[in-house]
Amino acid sequence: MAKYIVQIIVLGTQVVAKAFARALRQEIAASQEAARRAGGGERGAQHAAANAKSGISLEEALKILNVEKPNEAEQIDKHYKYLMEANDRSKGGSFYLQSKVVRAKERIDDELENLSSQKQKKTFTRSERT
């Protein structure tokens, strides 16, 4: 009887270890793909850091605010205000949805800040060369 219990424990441990290893490989592959899509290098690192900071990816943030590009400031503000009003708790809305909208706006703002700092950096390095 004890032999069977030990076999079950060993088998269960092997299954859990394999599942964990597979999940870890998938997460690493997803992180590498995200860094590659974001331009790799410093740009990819900034993109990953902004995702981790806000807890939301840029793609998800764009979907939440229903815009295609992060540089559509007027559309972003318009959709942000609409969604915040529509989900106002005093009107029967959801605080959770409001917080998702706020996080989406913050994530897009972080991306715009990163883009502007990179443009300034490129301009600065070009002016140094001349």
# chains A, B, ... in the order shown; residues from 1 in each chain; ligands from 1
>>> select_by_dssp(residues="segment 76-124 of chain A", states="alpha helix (DSSP H)", output="PDB file with C-alpha atoms, in the first residue's frame")
ATOM      1  CA  ILE A  76      -7.915  59.165 -25.944  1.00  0.00           C
ATOM      2  CA  ASP A  77      -9.161  62.077 -23.824  1.00  0.00           C
ATOM      3  CA  LYS A  78     -12.632  61.895 -25.368  1.00  0.00           C
ATOM      4  CA  HIS A  79     -12.980  58.140 -24.747  1.00  0.00           C
ATOM      5  CA  TYR A  80     -11.444  58.424 -21.279  1.00  0.00           C
ATOM      6  CA  LYS A  81     -13.969  61.061 -20.178  1.00  0.00           C
ATOM      7  CA  TYR A  82     -16.873  59.116 -21.676  1.00  0.00           C
ATOM      8  CA  LEU A  83     -15.889  55.851 -20.003  1.00  0.00           C
ATOM      9  CA  MET A  84     -15.288  57.514 -16.644  1.00  0.00           C
ATOM     10  CA  GLU A  85     -18.719  59.153 -16.726  1.00  0.00           C
ATOM     11  CA  ALA A  86     -20.459  56.002 -17.973  1.00  0.00           C
ATOM     12  CA  PHE A  95     -15.473  51.149  -9.753  1.00  0.00           C
ATOM     13  CA  TYR A  96     -13.508  48.212 -11.189  1.00  0.00           C
ATOM     14  CA  LEU A  97     -14.131  49.361 -14.754  1.00  0.00           C
ATOM     15  CA  GLN A  98     -13.214  52.911 -13.834  1.00  0.00           C
ATOM     16  CA  SER A  99      -9.919  51.678 -12.402  1.00  0.00           C
ATOM     17  CA  LYS A 100      -9.210  49.740 -15.624  1.00  0.00           C
ATOM     18  CA  VAL A 101      -9.856  52.914 -17.631  1.00  0.00           C
ATOM     19  CA  VAL A 102      -7.513  54.913 -15.384  1.00  0.00           C
ATOM     20  CA  ARG A 103      -4.776  52.266 -15.694  1.00  0.00           C
ATOM     21  CA  ALA A 104      -5.202  52.236 -19.474  1.00  0.00           C
ATOM     22  CA  LYS A 105      -4.819  56.024 -19.657  1.00  0.00           C
ATOM     23  CA  GLU A 106      -1.761  55.913 -17.386  1.00  0.00           C
ATOM     24  CA  ARG A 107      -0.168  53.200 -19.537  1.00  0.00           C
ATOM     25  CA  ILE A 108      -0.704  55.186 -22.740  1.00  0.00           C
ATOM     26  CA  ASP A 109       0.646  58.327 -21.060  1.00  0.00           C
ATOM     27  CA  ASP A 110       3.758  56.369 -19.993  1.00  0.00           C
ATOM     28  CA  GLU A 111       4.253  55.193 -23.571  1.00  0.00           C
ATOM     29  CA  LEU A 112       3.956  58.741 -24.911  1.00  0.00           C
ATOM     30  CA  GLU A 113       6.464  59.925 -22.314  1.00  0.00           C
ATOM     31  CA  ASN A 114       8.904  57.168 -23.331  1.00  0.00           C
ATOM     32  CA  LEU A 115       8.501  58.049 -27.004  1.00  0.00           C
ATOM     33  CA  SER A 116       9.112  61.742 -26.406  1.00  0.00           C
ATOM     34  CA  SER A 117      12.198  61.055 -24.278  1.00  0.00           C
ATOM     35  CA  GLN A 118      13.599  58.804 -27.017  1.00  0.00           C
ATOM     36  CA  LYS A 119      13.008  61.485 -29.647  1.00  0.00           C
ATOM     37  CA  GLN A 120      14.808  64.020 -27.459  1.00  0.00           C
ATOM     38  CA  LYS A 121      17.653  61.559 -26.954  1.00  0.00           C
ATOM     39  CA  LYS A 122      17.965  60.989 -30.711  1.00  0.00           C
ATOM     40  CA  THR A 123      17.890  64.724 -31.389  1.00  0.00           C
ATOM     41  CA  PHE A 124      20.529  65.301 -28.717  1.00  0.00           C
TER      42      PHE A 124
END
>>> atom_distance(atom1="atom CA of Glu59 of chain A", atom2="atom CA of Asn71 of chain A")
13.2 Å
